[in-house]
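**Student:** Provided herewith is a single structure, encoded as structure tokens, for subsequent inquiry.
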Amino acid sequence: MRFMLLFSRQGKLRLQKWYTATAERDKKKMVRELMQVVLARKPKMCSFLEWRDLKIVYKRYASLYFCCAVEEQDNELITLEVIHRFVELLDKYFGSVCELDIIFNFEKAYFILDEFLMGGEIQDTSKKSVLKAIEQADLLQEVLIYCYIDQVDL
Amino acid sequence: MRMPAPIRLRELIRTIRTARTQAEEREMIQKECAAIRSSFREEDNTYRCRNVAKLLYMHMLGYPAHFGQLECLKLIASQKFTDKRIGYLGAMLLLDERQDVHLLMTNCIKNDLNHSTQYVQGLALCTLGCMGSSEMCRDLAGEVEKLLKTSNSYLRKKAALCAVHVIRKVPELMEMFLPATKNLLSEKNHGVLHTSVVLLTEMCERSPDMLSHFRKLVPQLVRILKNLIMSGYSPEHDVSGISDPFLQVRILRLLRILGKGDDDSSEAMNDILAQVATNTETSKNVGNAILYETVLTIMDIKSESGLRVLAINILGRFLLNNDKNIRYVALTSLLKTVQTDHNAVQRHRSTIVDCLKDLDVSIKRRAMELSFALVNGNNIRGMMKELLYFLDSCDPDFKADCASGIFLAAEKYAPSKRWHIDTIMRVLTTAGSYVRDDSVPNLIQLITNSVEMHAYTVQRLYKALLDDISQQPLVQVASWCIGEYGDLLVSGQCEEEEPIQVSEDEVLDVLEGLLVSNLSTPVTRGYSLTAIMKLSTRFSSLNRIKKVVSIYGSSIDVELQQRAVEYNALFKKYDHMRPALLERMPIMEKTATNGPSETVQTNGETDSTILDTKHLPSISQPASQANDLLDLLGGNDVVPIIQTTVPTKPASAGGELLDLLGDLSLTGGPTPTPASSVPMSQPPFLLDGLTSQPLFNDIAAVIPPMTAYNKNGLIIEFTFERSNPNPNIAVITIHATNSTEADMTEFVFQAAVPKTFQLQLLSPSSNVVPAFNQGSVTQVIRVLNPQKVRCYCEPRTHSASYRSRSSEISPFVLKHLQKSDECLSGAKLNIAKLKLRAASH
């Protein structure tokens with residue numbers, strides 16, 4: 001996987017994870033273009049498209065588009081499952097996740113993503129395992145805040 | 001006084017979202033940024049984390065956040081877990097390997113890789129594994145390798161993926177991870193298993209040695225896969241009733257790489273592949289994802305034919321799936337295998353053709369490509385029906401490709417000439433404005449060569465014109481045909497269908513209509529004017545034609561004007577030549593770049609430039625070049641050269657190649673003139689209308705060699721012979737020798753010929769004629785003189801320092817190339833010109 005984007009129907013970016021080194025300017029350009037392309041797609045169309053030299057896999061969940069760019073040899077169908085797994089993780093963590101959760105807790109969404117994928121590949125195929133790790137890390141954060149006066153939450 | 005605490009992250013997000021305009025938002029952001037900046041300046045440790053988090057939010061909205069980069073590093077270096085978490089996140093979002101700053105992270109990461117808390121270690125591994133630069137990877141590879149051997153599965157799985165990133169960045173480091181891979185697959189933990197398979201895949205893809213080394217893992221991989229399929233329900237890894245599909249897919253992919261090109265490995269995985277292919281539940285996407293990967297693997301390894309057929313059949317079933325994503329991947333895969341497993345894919349042809357009617361653009365495109373790949377002699381009629389229907393109804397984006405594909409397929413597999421022409425007609429009438437430019441000359445050639453269909457073709461085209469003159473390619477082909485075969489049209493000779501009654505005037509009405517219509521492009525107008533002209537030898541309404549031609553002699557359109565003027569001249573001064581010039585075109589042989597054609601004739605010379613399918617050149621170019629050169633030479637009394645009328649032009653100006661076909665001999669004899677394309681490969685020719693002595697016919701078939709030039713120590717000799725495949729072409733070899741004391745450098749031979757000639761100058765052996773006759777420069781010239789015209793030549797020498805006529809020119813002549821009775825008198829034409837730029841002069 002080269003990158004993953006989350007954006008709303010209005011074209012607002014909610015999350016961007018890049019797994020290849022890309023210049024800031026190029027990132028912005030690509031995001032803008034790709035959002036346009038995906039948002040223009042009609043509901044009946046399939047979830048895959050070719051854009052530039054990449055394969056794009058996208059899926060819409062409520063008001064959010066989850067969009068991944070994968071390599072030539074990657075299996076598009078399993079990528080859809082990867083996206084779905086990520087949504088399930090968010091859902092479990094936030095309890096019936098909606099876009100607002102991701103807006104107000106974007107750093108947590110990133111933490112979950114970084115516990116699930118690394119370098120574009122799945123770290124752990126067990127939902128339980130990933131959620132447990134996040135839970136433990138959150139706990140660590142809480143405990144430390146409780147113990148130390150100069151630790152504050154965000 | 002204690003500064004107020006910086007506003008909280010969620011508070012800020014809430015505030016920013018209340019902004020009603022972009023300007024308002026920008027203002028809020030700027031205000032907050034200023035506050036954050038001053039906070040950074042004060043080195044406030046307590047709230048650094050909060051401030052950076054806010055900065056990351058604003059960065060996501062698109063605002064600059066570079067001033068937070070160093071702060072991220074400070075957070076990473078902090079001992080507080082919250083700090084580290086935000087710091088590493090910030091590093092991944094704001095930093096990349098292009099900034100030198102990122103290297104400062106290396107030490108922190110190193111420390112954190114050895115931290116006592118596994119979640120801190122995890123953060124470090126994740127950051128390194130996502131964005132580590134080559135230098136960082138080099139520095140820290142050892143740490144990663146250590147962690148790859150740990151018994152802590154949480155860390156081990158992350159270390160494996162981190163190693164993947166290290167290898168991608170610094171492939172040479174691959175070796176050092178080899179020992180650690182020893183027991184990776186014995187793990188029970190699925191996370192470790194999955195990431196290990198990814199690591200092994202990466203290594204095998206990058207190194208053939210690694211690939212051979214890891215082949216021994218095939219049995220183990222097969223076993224793991226088998227366990228996954230056979231094992232009962234495992235809640236932790238279950239997805240819609242399938243056990244760990246992600247791991248299954250990764251294993252299948254690794255098996256693909258290991259089995260490719262290796263008989264033993266392929267054999268070892270045969271059974272499991274068959275098992276997966278037949279047992280996987282297909283009701284949900286996840287099952288199909290596994291099947292898809294299985295199919296890809298079967299097709300890539302050396303599987304037995306039964307398995308391959310099984311795979312194709314899976315794809316066939318995919319095509320019938322309601323889920324368009326599944327149909328999409330099926331078509332993509334079939335496209336990849338259609339060459340190797342053609343027959344198997346053919347069985348699914350009708351399903352594929354049905355996909356042409358799909359609503360999704362990507363599916364339609366693939367179905368179209370696949371359909372063209374499946375067309376053969378047996379199914380051409382049926383397939384073409386579907387494809388023509390598709391052409392009618394598809395999006396404009398597709399029409400050009402579809403039309404081209406149809407033409408190609410029709411050319412290859414047309415069951416009859418009539419069918420072929422009907423198909424072309426259909427394409428031109430339904431998608432006429434989308435066909436590629438080069439289709440027009442191709443079609444014209446096809447029509448010309450279908451001699452028995454001429455009457456039918458012209459009739460159909462004429463009827464099409466009556467309906468619609470907006471589609472230019474159709475109009476161009478139609479005009480050309482009417483010009484050629486108008487006599488057949490009015491005489492009502494059609495055999496294939498009911499002949500229509502049409503009078504000469506009606507035909508001329510149509511053609512003149514094209515000339516005046518707003519819908520016609522300039523190119524089309526050119527076609528139609530030429531067609532009208534041609535009809536002057538086929539129709540009897542001469543006066544009318546003369547009138548039209550003379551009107552256009554003052555057309556604003558330069559192209560049209562030139563043609564009209566020349567045609568006028570034909571009427572007035574060269575009327576005796578008109579019948580010969582406007583005769584029927586002979587059969588052309590195709591020098592095709594468009595797919596295979598049985599009658600491709602090569603020229604003998606292989607260093608010809610690309611033989612274009614643009615047979616018919618734009619005529620104006622050489623004319624204007626000639627005019628330029630005439631000016632250069634101080635003007636000459638050149639008799640206007642009567643161009644052989646090339647009635648057609650390609651829709652695009654492909655003027656560089658003066659293709660033979662355009663200027664072919666119009667003798668139209670029983671034997672078709674071989675169409676050897678003689679492209680001009682030289683820059684503008686110098687045309688000079690100097691008078692010189694005529695030469696008598698050389699009746700001998702062989703022309704003896706002659707000294708063409710002998711002056712100032714430079715001797716140039718010509719030797720002649722006929723070209724073997726095409727006796728109309730004379731091959732002249734020039735030998736230049738230099739008896740002076742100095743080398744003659746920058747020796748360039750140029751030649752100019754009248755437009756009835758075709759000349760090809762091949763590369764000379766050298767540009768330097770050595771002194772003292774120590775060597776010679778040789779160059780081959782091929783000349784085609786289709787009109788068997790007498791030709792006069794004169795050499796000229798040119799020195800860099802002066803550009804005037806030298807009076808001491810020794811004339812020589814290019815002799816007649818063929819016995820000829822029809823010399824054009826008064827056509828003063830050709831001069832071979834020598835251009836000599838000697839460094840010593």
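Chain labels follow the order of the structure tokens: the first chain is A, the next B, and so on; residue numbering restarts at 1 in every chain, and ligands are counted from 1 in their shown order.
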Please provide as a PyMOL selection string all residues within 12 Å of Gln36 of chain A, with the sequence filter that same-chain residues fewer than 4 positions apart are discarded (counting only C-alpha atoms).

**Tutor:** chain A and resi 7-13+29-32+40-41+51+65

**Student:** Next, dump the selected residues to file, keeping only all heavy atoms, as a short mmCIF file (atom, residue, chain, number, x, y, z; two decimals), in the first residue's frame.

**Tutor:**
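Saved file selection.cif follows:
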```cif
data_model
loop_
_atom_site.label_atom_id
_atom_site.label_comp_id
_atom_site.auth_asym_id
_atom_site.auth_seq_id
_atom_site.Cartn_x
_atom_site.Cartn_y
_atom_site.Cartn_z
N PHE A 7 -11.56 10.86 3.71
CA PHE A 7 -12.09 12.20 3.49
C PHE A 7 -13.61 12.15 3.40
O PHE A 7 -14.21 11.12 3.12
CB PHE A 7 -11.50 12.84 2.24
CG PHE A 7 -11.58 12.00 1.00
CD1 PHE A 7 -12.68 12.06 0.17
CD2 PHE A 7 -10.52 11.16 0.65
CE1 PHE A 7 -12.75 11.29 -0.98
CE2 PHE A 7 -10.58 10.39 -0.49
CZ PHE A 7 -11.69 10.45 -1.31
N SER A 8 -14.19 13.33 3.65
CA SER A 8 -15.65 13.41 3.71
C SER A 8 -16.21 13.68 2.32
O SER A 8 -15.48 13.99 1.39
CB SER A 8 -16.06 14.56 4.64
OG SER A 8 -15.74 15.80 4.04
N ARG A 9 -17.50 13.61 2.24
CA ARG A 9 -18.17 13.87 0.97
C ARG A 9 -17.93 15.30 0.50
O ARG A 9 -18.03 15.59 -0.68
CB ARG A 9 -19.68 13.63 1.13
CG ARG A 9 -20.12 12.23 0.78
CD ARG A 9 -21.46 12.24 0.09
NE ARG A 9 -21.43 12.93 -1.20
CZ ARG A 9 -20.94 12.42 -2.32
NH1 ARG A 9 -20.45 11.21 -2.34
NH2 ARG A 9 -20.96 13.11 -3.44
N GLN A 10 -17.65 16.19 1.44
CA GLN A 10 -17.40 17.59 1.04
C GLN A 10 -15.95 17.82 0.67
O GLN A 10 -15.54 18.95 0.42
CB GLN A 10 -17.76 18.54 2.20
CG GLN A 10 -19.25 18.74 2.41
CD GLN A 10 -19.89 17.54 3.06
OE1 GLN A 10 -19.32 16.97 3.98
NE2 GLN A 10 -21.05 17.15 2.56
N GLY A 11 -15.16 16.77 0.66
CA GLY A 11 -13.77 16.92 0.27
C GLY A 11 -12.87 17.41 1.38
O GLY A 11 -11.83 18.01 1.14
N LYS A 12 -13.28 17.15 2.63
CA LYS A 12 -12.41 17.52 3.74
C LYS A 12 -11.59 16.30 4.15
O LYS A 12 -12.14 15.23 4.40
CB LYS A 12 -13.28 17.92 4.96
CG LYS A 12 -13.95 19.27 4.81
CD LYS A 12 -13.03 20.36 5.26
CE LYS A 12 -13.55 21.71 4.86
NZ LYS A 12 -14.27 22.47 5.76
N LEU A 13 -10.30 16.51 4.24
CA LEU A 13 -9.41 15.42 4.61
C LEU A 13 -9.52 15.15 6.10
O LEU A 13 -9.46 16.07 6.92
CB LEU A 13 -7.98 15.82 4.23
CG LEU A 13 -6.91 14.73 4.27
CD1 LEU A 13 -7.21 13.65 3.25
CD2 LEU A 13 -5.55 15.35 3.98
N LYS A 29 -1.14 17.86 -3.85
CA LYS A 29 -1.67 17.79 -5.19
C LYS A 29 -2.40 16.47 -5.42
O LYS A 29 -3.52 16.43 -5.94
CB LYS A 29 -0.51 17.92 -6.18
CG LYS A 29 -0.93 18.05 -7.63
CD LYS A 29 0.14 18.82 -8.41
CE LYS A 29 -0.25 18.98 -9.86
NZ LYS A 29 0.25 17.91 -10.73
N MET A 30 -1.74 15.40 -4.98
CA MET A 30 -2.34 14.09 -5.21
C MET A 30 -3.65 13.95 -4.45
O MET A 30 -4.63 13.41 -4.98
CB MET A 30 -1.36 12.98 -4.77
CG MET A 30 -0.20 12.84 -5.71
SD MET A 30 1.13 11.84 -5.03
CE MET A 30 0.63 10.21 -5.50
N VAL A 31 -3.64 14.44 -3.23
CA VAL A 31 -4.85 14.34 -2.41
C VAL A 31 -6.00 15.08 -3.08
O VAL A 31 -7.10 14.56 -3.21
CB VAL A 31 -4.60 14.90 -0.99
CG1 VAL A 31 -5.91 15.07 -0.24
CG2 VAL A 31 -3.67 14.00 -0.21
N ARG A 32 -5.70 16.27 -3.52
CA ARG A 32 -6.73 17.09 -4.15
C ARG A 32 -7.31 16.40 -5.38
O ARG A 32 -8.51 16.26 -5.56
CB ARG A 32 -6.13 18.44 -4.52
CG ARG A 32 -7.15 19.55 -4.69
CD ARG A 32 -6.50 20.90 -4.92
NE ARG A 32 -5.31 20.87 -5.73
CZ ARG A 32 -4.14 21.38 -5.37
NH1 ARG A 32 -4.01 21.96 -4.19
NH2 ARG A 32 -3.10 21.31 -6.17
N ALA A 40 -16.34 12.03 -7.69
CA ALA A 40 -17.13 12.09 -8.92
C ALA A 40 -17.74 10.73 -9.29
O ALA A 40 -18.58 10.65 -10.19
CB ALA A 40 -16.27 12.60 -10.07
N ARG A 41 -17.32 9.69 -8.62
CA ARG A 41 -17.80 8.37 -8.99
C ARG A 41 -19.25 8.19 -8.57
O ARG A 41 -19.67 8.64 -7.52
CB ARG A 41 -16.96 7.29 -8.30
CG ARG A 41 -15.50 7.36 -8.63
CD ARG A 41 -15.12 6.58 -9.82
NE ARG A 41 -15.14 5.14 -9.59
CZ ARG A 41 -14.84 4.25 -10.52
NH1 ARG A 41 -14.49 4.65 -11.71
NH2 ARG A 41 -14.87 2.96 -10.25
N TRP A 51 -5.67 5.24 -11.47
CA TRP A 51 -5.40 6.68 -11.39
C TRP A 51 -3.91 6.87 -11.45
O TRP A 51 -3.17 6.26 -10.67
CB TRP A 51 -5.98 7.23 -10.09
CG TRP A 51 -5.70 8.67 -9.85
CD1 TRP A 51 -6.30 9.74 -10.45
CD2 TRP A 51 -4.74 9.20 -8.94
NE1 TRP A 51 -5.76 10.90 -9.95
CE2 TRP A 51 -4.81 10.60 -9.03
CE3 TRP A 51 -3.82 8.62 -8.06
CZ2 TRP A 51 -4.01 11.44 -8.28
CZ3 TRP A 51 -3.02 9.45 -7.31
CH2 TRP A 51 -3.12 10.86 -7.43
N TYR A 65 -15.13 8.57 3.04
CA TYR A 65 -14.52 7.72 2.03
C TYR A 65 -13.18 7.22 2.55
O TYR A 65 -12.36 7.99 3.03
CB TYR A 65 -14.27 8.52 0.74
CG TYR A 65 -15.50 8.72 -0.09
CD1 TYR A 65 -16.33 9.81 0.12
CD2 TYR A 65 -15.82 7.82 -1.11
CE1 TYR A 65 -17.47 10.00 -0.65
CE2 TYR A 65 -16.95 8.00 -1.89
CZ TYR A 65 -17.77 9.08 -1.65
OH TYR A 65 -18.89 9.26 -2.42
#
```

**Student:** Quick one: which residues from chain A are at most 6 Å off chain B, using only C-alpha atoms, as a list in words?

**Tutor:**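 Residues of chain A within 6 Å of chain B, counting only C-alpha atoms: Tyr19, Met45, Cys46, Leu77, Ile78, Gly119, Gln123, Asp124, Thr125, Ser126, Gln141, Asp150 and Leu154 of chain A.
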
**Student:** Can I get the selection written as a tab-separated table (two decimals), in the first residue's frame, with N, CA, C and O atoms?

**Tutor:**
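Written file, selection24.tsv:
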```tsv
chain	number	residue	atom	x	y	z
A	19	TYR	N	2.89	5.85	3.02
A	19	TYR	CA	3.88	4.81	3.29
A	19	TYR	C	5.07	4.91	2.35
A	19	TYR	O	5.93	4.03	2.35
A	45	MET	N	-20.82	2.33	-9.39
A	45	MET	CA	-19.55	1.95	-9.99
A	45	MET	C	-18.73	1.08	-9.04
A	45	MET	O	-18.94	1.09	-7.84
A	46	CYS	N	-17.80	0.36	-9.62
A	46	CYS	CA	-17.04	-0.56	-8.77
A	46	CYS	C	-16.01	0.21	-7.95
A	46	CYS	O	-15.71	1.37	-8.20
A	77	LEU	N	-9.31	-7.16	-3.84
A	77	LEU	CA	-10.42	-7.64	-3.03
A	77	LEU	C	-10.04	-7.73	-1.56
A	77	LEU	O	-10.82	-7.42	-0.67
A	78	ILE	N	-8.83	-8.16	-1.31
A	78	ILE	CA	-8.41	-8.27	0.09
A	78	ILE	C	-8.18	-6.87	0.66
A	78	ILE	O	-8.32	-6.66	1.87
A	119	GLY	N	3.97	0.23	7.40
A	119	GLY	CA	4.52	0.19	6.05
A	119	GLY	C	3.50	-0.30	5.04
A	119	GLY	O	3.85	-0.82	3.99
A	123	GLN	N	-0.13	-5.75	10.62
A	123	GLN	CA	0.74	-6.25	11.68
A	123	GLN	C	0.12	-7.45	12.37
A	123	GLN	O	0.81	-8.38	12.76
A	124	ASP	N	-1.19	-7.39	12.55
A	124	ASP	CA	-1.83	-8.47	13.28
A	124	ASP	C	-3.23	-8.69	12.71
A	124	ASP	O	-3.98	-7.74	12.54
A	125	THR	N	-3.53	-9.95	12.43
A	125	THR	CA	-4.82	-10.25	11.80
A	125	THR	C	-5.91	-10.48	12.83
A	125	THR	O	-7.05	-10.75	12.49
A	126	SER	N	-5.55	-10.36	14.10
A	126	SER	CA	-6.54	-10.57	15.15
A	126	SER	C	-7.06	-9.22	15.62
A	126	SER	O	-6.30	-8.38	16.11
A	141	GLN	N	-0.95	5.68	29.26
A	141	GLN	CA	-1.02	7.13	29.20
A	141	GLN	C	-1.80	7.68	30.38
A	141	GLN	O	-1.38	8.63	31.02
A	150	ASP	N	3.26	16.76	36.20
A	150	ASP	CA	3.49	17.58	35.01
A	150	ASP	C	3.09	16.89	33.70
A	150	ASP	O	3.47	17.29	32.63
A	154	LEU	N	-4.26	15.90	26.42
A	154	LEU	CA	-4.29	16.84	25.31
A	154	LEU	C	-5.45	17.82	25.51
A	154	LEU	O	-5.48	18.86	24.90
```

**Student:** Per DSSP on the backbone, what are the strand (DSSP E) residues of chain A, as a VMD selection string?

**Tutor:** chain A and resid 3 to 8 13 to 18 48 to 51 54 to 61 64 to 70 117 to 118 121 to 122

**Student:** Save the residues we just selected, N, CA, C and O atoms, as a compact mmCIF listing (two decimals), in the first residue's frame?

**Tutor:**
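Final file, result_17.txt:
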```txt
# COMPACT_ATOMS: atom_id res chain seq x y z
N PHE A 3 -0.48 4.63 0.09
CA PHE A 3 -1.03 5.57 1.07
C PHE A 3 -2.49 5.27 1.31
O PHE A 3 -3.13 4.55 0.55
N MET A 4 -2.99 5.83 2.42
CA MET A 4 -4.41 5.71 2.72
C MET A 4 -4.96 7.10 3.06
O MET A 4 -4.31 7.87 3.78
N LEU A 5 -6.13 7.40 2.53
CA LEU A 5 -6.76 8.68 2.82
C LEU A 5 -8.16 8.46 3.34
O LEU A 5 -8.85 7.56 2.90
N LEU A 6 -8.56 9.32 4.28
CA LEU A 6 -9.95 9.36 4.69
C LEU A 6 -10.45 10.76 4.42
O LEU A 6 -9.83 11.73 4.84
N PHE A 7 -11.56 10.86 3.71
CA PHE A 7 -12.09 12.20 3.49
C PHE A 7 -13.61 12.15 3.40
O PHE A 7 -14.21 11.12 3.12
N SER A 8 -14.19 13.33 3.65
CA SER A 8 -15.65 13.41 3.71
C SER A 8 -16.21 13.68 2.32
O SER A 8 -15.48 13.99 1.39
N LEU A 13 -10.30 16.51 4.24
CA LEU A 13 -9.41 15.42 4.61
C LEU A 13 -9.52 15.15 6.10
O LEU A 13 -9.46 16.07 6.92
N ARG A 14 -9.67 13.88 6.47
CA ARG A 14 -9.78 13.54 7.89
C ARG A 14 -8.59 12.75 8.37
O ARG A 14 -8.35 12.65 9.58
N LEU A 15 -7.90 12.11 7.47
CA LEU A 15 -6.73 11.33 7.87
C LEU A 15 -5.92 11.06 6.62
O LEU A 15 -6.48 10.79 5.55
N GLN A 16 -4.59 11.13 6.73
CA GLN A 16 -3.75 10.75 5.60
C GLN A 16 -2.53 10.02 6.12
O GLN A 16 -1.83 10.51 7.00
N LYS A 17 -2.31 8.83 5.58
CA LYS A 17 -1.14 8.07 5.99
C LYS A 17 -0.35 7.70 4.75
O LYS A 17 -0.86 7.02 3.87
N TRP A 18 0.88 8.15 4.68
CA TRP A 18 1.72 7.90 3.52
C TRP A 18 2.79 6.88 3.86
O TRP A 18 3.52 7.02 4.82
N PHE A 48 -12.92 -0.03 -7.66
CA PHE A 48 -11.53 0.04 -8.09
C PHE A 48 -11.42 0.99 -9.26
O PHE A 48 -12.30 1.05 -10.12
N LEU A 49 -10.32 1.69 -9.31
CA LEU A 49 -10.08 2.50 -10.50
C LEU A 49 -8.58 2.67 -10.69
O LEU A 49 -7.79 2.48 -9.78
N GLU A 50 -8.23 3.02 -11.91
CA GLU A 50 -6.83 3.32 -12.18
C GLU A 50 -6.66 4.82 -12.17
O GLU A 50 -7.43 5.54 -12.79
N TRP A 51 -5.67 5.24 -11.47
CA TRP A 51 -5.40 6.68 -11.39
C TRP A 51 -3.91 6.87 -11.45
O TRP A 51 -3.17 6.26 -10.67
N LEU A 54 -1.36 4.12 -10.50
CA LEU A 54 -1.70 3.36 -9.30
C LEU A 54 -3.06 2.72 -9.41
O LEU A 54 -3.92 3.16 -10.15
N LYS A 55 -3.23 1.66 -8.60
CA LYS A 55 -4.57 1.09 -8.45
C LYS A 55 -5.19 1.70 -7.20
O LYS A 55 -4.57 1.70 -6.14
N ILE A 56 -6.38 2.20 -7.32
CA ILE A 56 -7.05 2.82 -6.18
C ILE A 56 -8.21 1.93 -5.75
O ILE A 56 -9.00 1.48 -6.59
N VAL A 57 -8.26 1.67 -4.46
CA VAL A 57 -9.37 0.92 -3.89
C VAL A 57 -10.06 1.83 -2.90
O VAL A 57 -9.43 2.38 -2.01
N TYR A 58 -11.35 2.03 -3.07
CA TYR A 58 -12.02 2.93 -2.14
C TYR A 58 -13.36 2.34 -1.73
O TYR A 58 -13.96 1.54 -2.43
N LYS A 59 -13.78 2.77 -0.53
CA LYS A 59 -15.10 2.35 -0.07
C LYS A 59 -15.68 3.45 0.79
O LYS A 59 -14.97 4.09 1.56
N ARG A 60 -16.95 3.62 0.66
CA ARG A 60 -17.61 4.67 1.42
C ARG A 60 -18.35 4.09 2.60
O ARG A 60 -19.11 3.14 2.45
N TYR A 61 -18.09 4.66 3.76
CA TYR A 61 -18.82 4.28 4.96
C TYR A 61 -19.50 5.53 5.48
O TYR A 61 -18.84 6.45 5.95
N LEU A 64 -17.95 9.06 5.14
CA LEU A 64 -16.50 9.04 4.97
C LEU A 64 -16.07 8.10 3.85
O LEU A 64 -16.54 6.97 3.74
N TYR A 65 -15.13 8.57 3.04
CA TYR A 65 -14.52 7.72 2.03
C TYR A 65 -13.18 7.22 2.55
O TYR A 65 -12.36 7.99 3.03
N PHE A 66 -12.99 5.91 2.45
CA PHE A 66 -11.70 5.32 2.78
C PHE A 66 -11.05 4.94 1.46
O PHE A 66 -11.61 4.16 0.69
N CYS A 67 -9.87 5.48 1.24
CA CYS A 67 -9.28 5.37 -0.09
C CYS A 67 -7.82 4.92 0.02
O CYS A 67 -7.03 5.56 0.69
N CYS A 68 -7.50 3.79 -0.63
CA CYS A 68 -6.12 3.29 -0.57
C CYS A 68 -5.52 3.22 -1.96
O CYS A 68 -6.21 2.87 -2.92
N ALA A 69 -4.24 3.50 -2.05
CA ALA A 69 -3.53 3.29 -3.31
C ALA A 69 -2.63 2.08 -3.13
O ALA A 69 -1.79 2.05 -2.23
N VAL A 70 -2.83 1.08 -3.98
CA VAL A 70 -2.05 -0.15 -3.82
C VAL A 70 -1.19 -0.40 -5.05
O VAL A 70 -1.37 0.21 -6.10
N LEU A 117 -1.64 -1.33 10.88
CA LEU A 117 -0.78 -1.43 9.70
C LEU A 117 0.58 -0.82 9.96
O LEU A 117 0.70 0.15 10.72
N MET A 118 1.60 -1.38 9.33
CA MET A 118 2.91 -0.74 9.35
C MET A 118 3.51 -0.86 7.94
O MET A 118 3.49 -1.95 7.36
N GLU A 121 1.42 -2.77 5.47
CA GLU A 121 1.10 -4.19 5.67
C GLU A 121 0.45 -4.42 7.03
O GLU A 121 0.72 -3.71 7.98
N ILE A 122 -0.38 -5.46 7.12
CA ILE A 122 -1.06 -5.78 8.38
C ILE A 122 -0.05 -6.31 9.40
O ILE A 122 0.76 -7.20 9.09
```

**Student:** Using DSSP on the backbone, list every residue of segment 51-144 of chain A that comes out as alpha helix (DSSP H), and give them as a PyMOL selection string.

**Tutor:** chain A and resi 76-94+99-104+106-116+127-144

**Student:** Give the answer as one residue: which of B:Met136, B:Leu148, B:Leu388, B:Met299 has the shortest atom-to-atom distance to Leu356 of chain B, using only C-alpha atoms?

**Tutor:**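 Under the stated criterion, the closest residue is B:Leu388.
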
**Student:** If I take atom CA of Tyr63 of chain B and atom CA of Arg26 of chain B, how far is one from the other in Å, to one decimal?

**Tutor:**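 One can read the atom CA of Tyr63 of chain B to atom CA of Arg26 of chain B distance as 8.7 Å.
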
**Student:** Which distance in Å separates atom CA of Glu115 of chain A and atom CA of Ile134 of chain A, to one decimal?

**Tutor:**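 Calculated distance between atom CA of Glu115 of chain A and atom CA of Ile134 of chain A is 7.2 Å.
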
**Student:** Just the residues within 6 Å of segment 507-524 of chain B, please, counting only C-alpha atoms, with nothing from its chain fewer than 3 positions along; format it as a ChimeraX atom specification.

**Tutor:** /B:470,476,504,527-528

**Student:** Kindly export the residues of the current selection with all heavy atoms, as a short mmCIF file (atom, residue, chain, number, x, y, z; two decimals), in the first residue's frame.

**Tutor:**
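Contents of part_37.cif, freshly written:
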```
data_model
loop_
_atom_site.label_atom_id
_atom_site.label_comp_id
_atom_site.auth_asym_id
_atom_site.auth_seq_id
_atom_site.Cartn_x
_atom_site.Cartn_y
_atom_site.Cartn_z
N SER B 470 -21.58 15.31 -41.77
CA SER B 470 -20.86 15.93 -40.66
C SER B 470 -19.64 15.14 -40.22
O SER B 470 -18.73 15.69 -39.62
CB SER B 470 -21.80 16.09 -39.47
OG SER B 470 -22.20 14.81 -39.02
N GLN B 476 -14.56 12.14 -46.16
CA GLN B 476 -13.32 12.09 -46.94
C GLN B 476 -13.22 10.82 -47.76
O GLN B 476 -12.90 10.85 -48.95
CB GLN B 476 -12.12 12.22 -46.01
CG GLN B 476 -11.96 13.63 -45.46
CD GLN B 476 -11.02 13.70 -44.29
OE1 GLN B 476 -10.30 12.75 -44.00
NE2 GLN B 476 -11.02 14.84 -43.61
N GLU B 504 -25.10 12.62 -63.20
CA GLU B 504 -23.83 13.30 -62.98
C GLU B 504 -24.05 14.59 -62.19
O GLU B 504 -23.29 14.91 -61.28
CB GLU B 504 -23.17 13.62 -64.32
CG GLU B 504 -22.70 12.39 -65.06
CD GLU B 504 -21.96 12.77 -66.33
OE1 GLU B 504 -21.82 13.99 -66.60
OE2 GLU B 504 -21.52 11.85 -67.05
N TYR B 527 -10.28 17.11 -50.41
CA TYR B 527 -10.70 15.83 -50.97
C TYR B 527 -11.78 16.03 -52.02
O TYR B 527 -11.77 15.44 -53.10
CB TYR B 527 -11.28 14.93 -49.88
CG TYR B 527 -10.30 14.05 -49.16
CD1 TYR B 527 -9.59 14.52 -48.06
CD2 TYR B 527 -10.10 12.74 -49.55
CE1 TYR B 527 -8.70 13.71 -47.39
CE2 TYR B 527 -9.22 11.91 -48.86
CZ TYR B 527 -8.53 12.41 -47.78
OH TYR B 527 -7.65 11.61 -47.11
N SER B 528 -12.72 16.88 -51.67
CA SER B 528 -13.88 16.96 -52.55
C SER B 528 -13.54 17.71 -53.84
O SER B 528 -14.03 17.36 -54.93
CB SER B 528 -15.07 17.51 -51.78
OG SER B 528 -15.32 18.80 -52.11
#
```
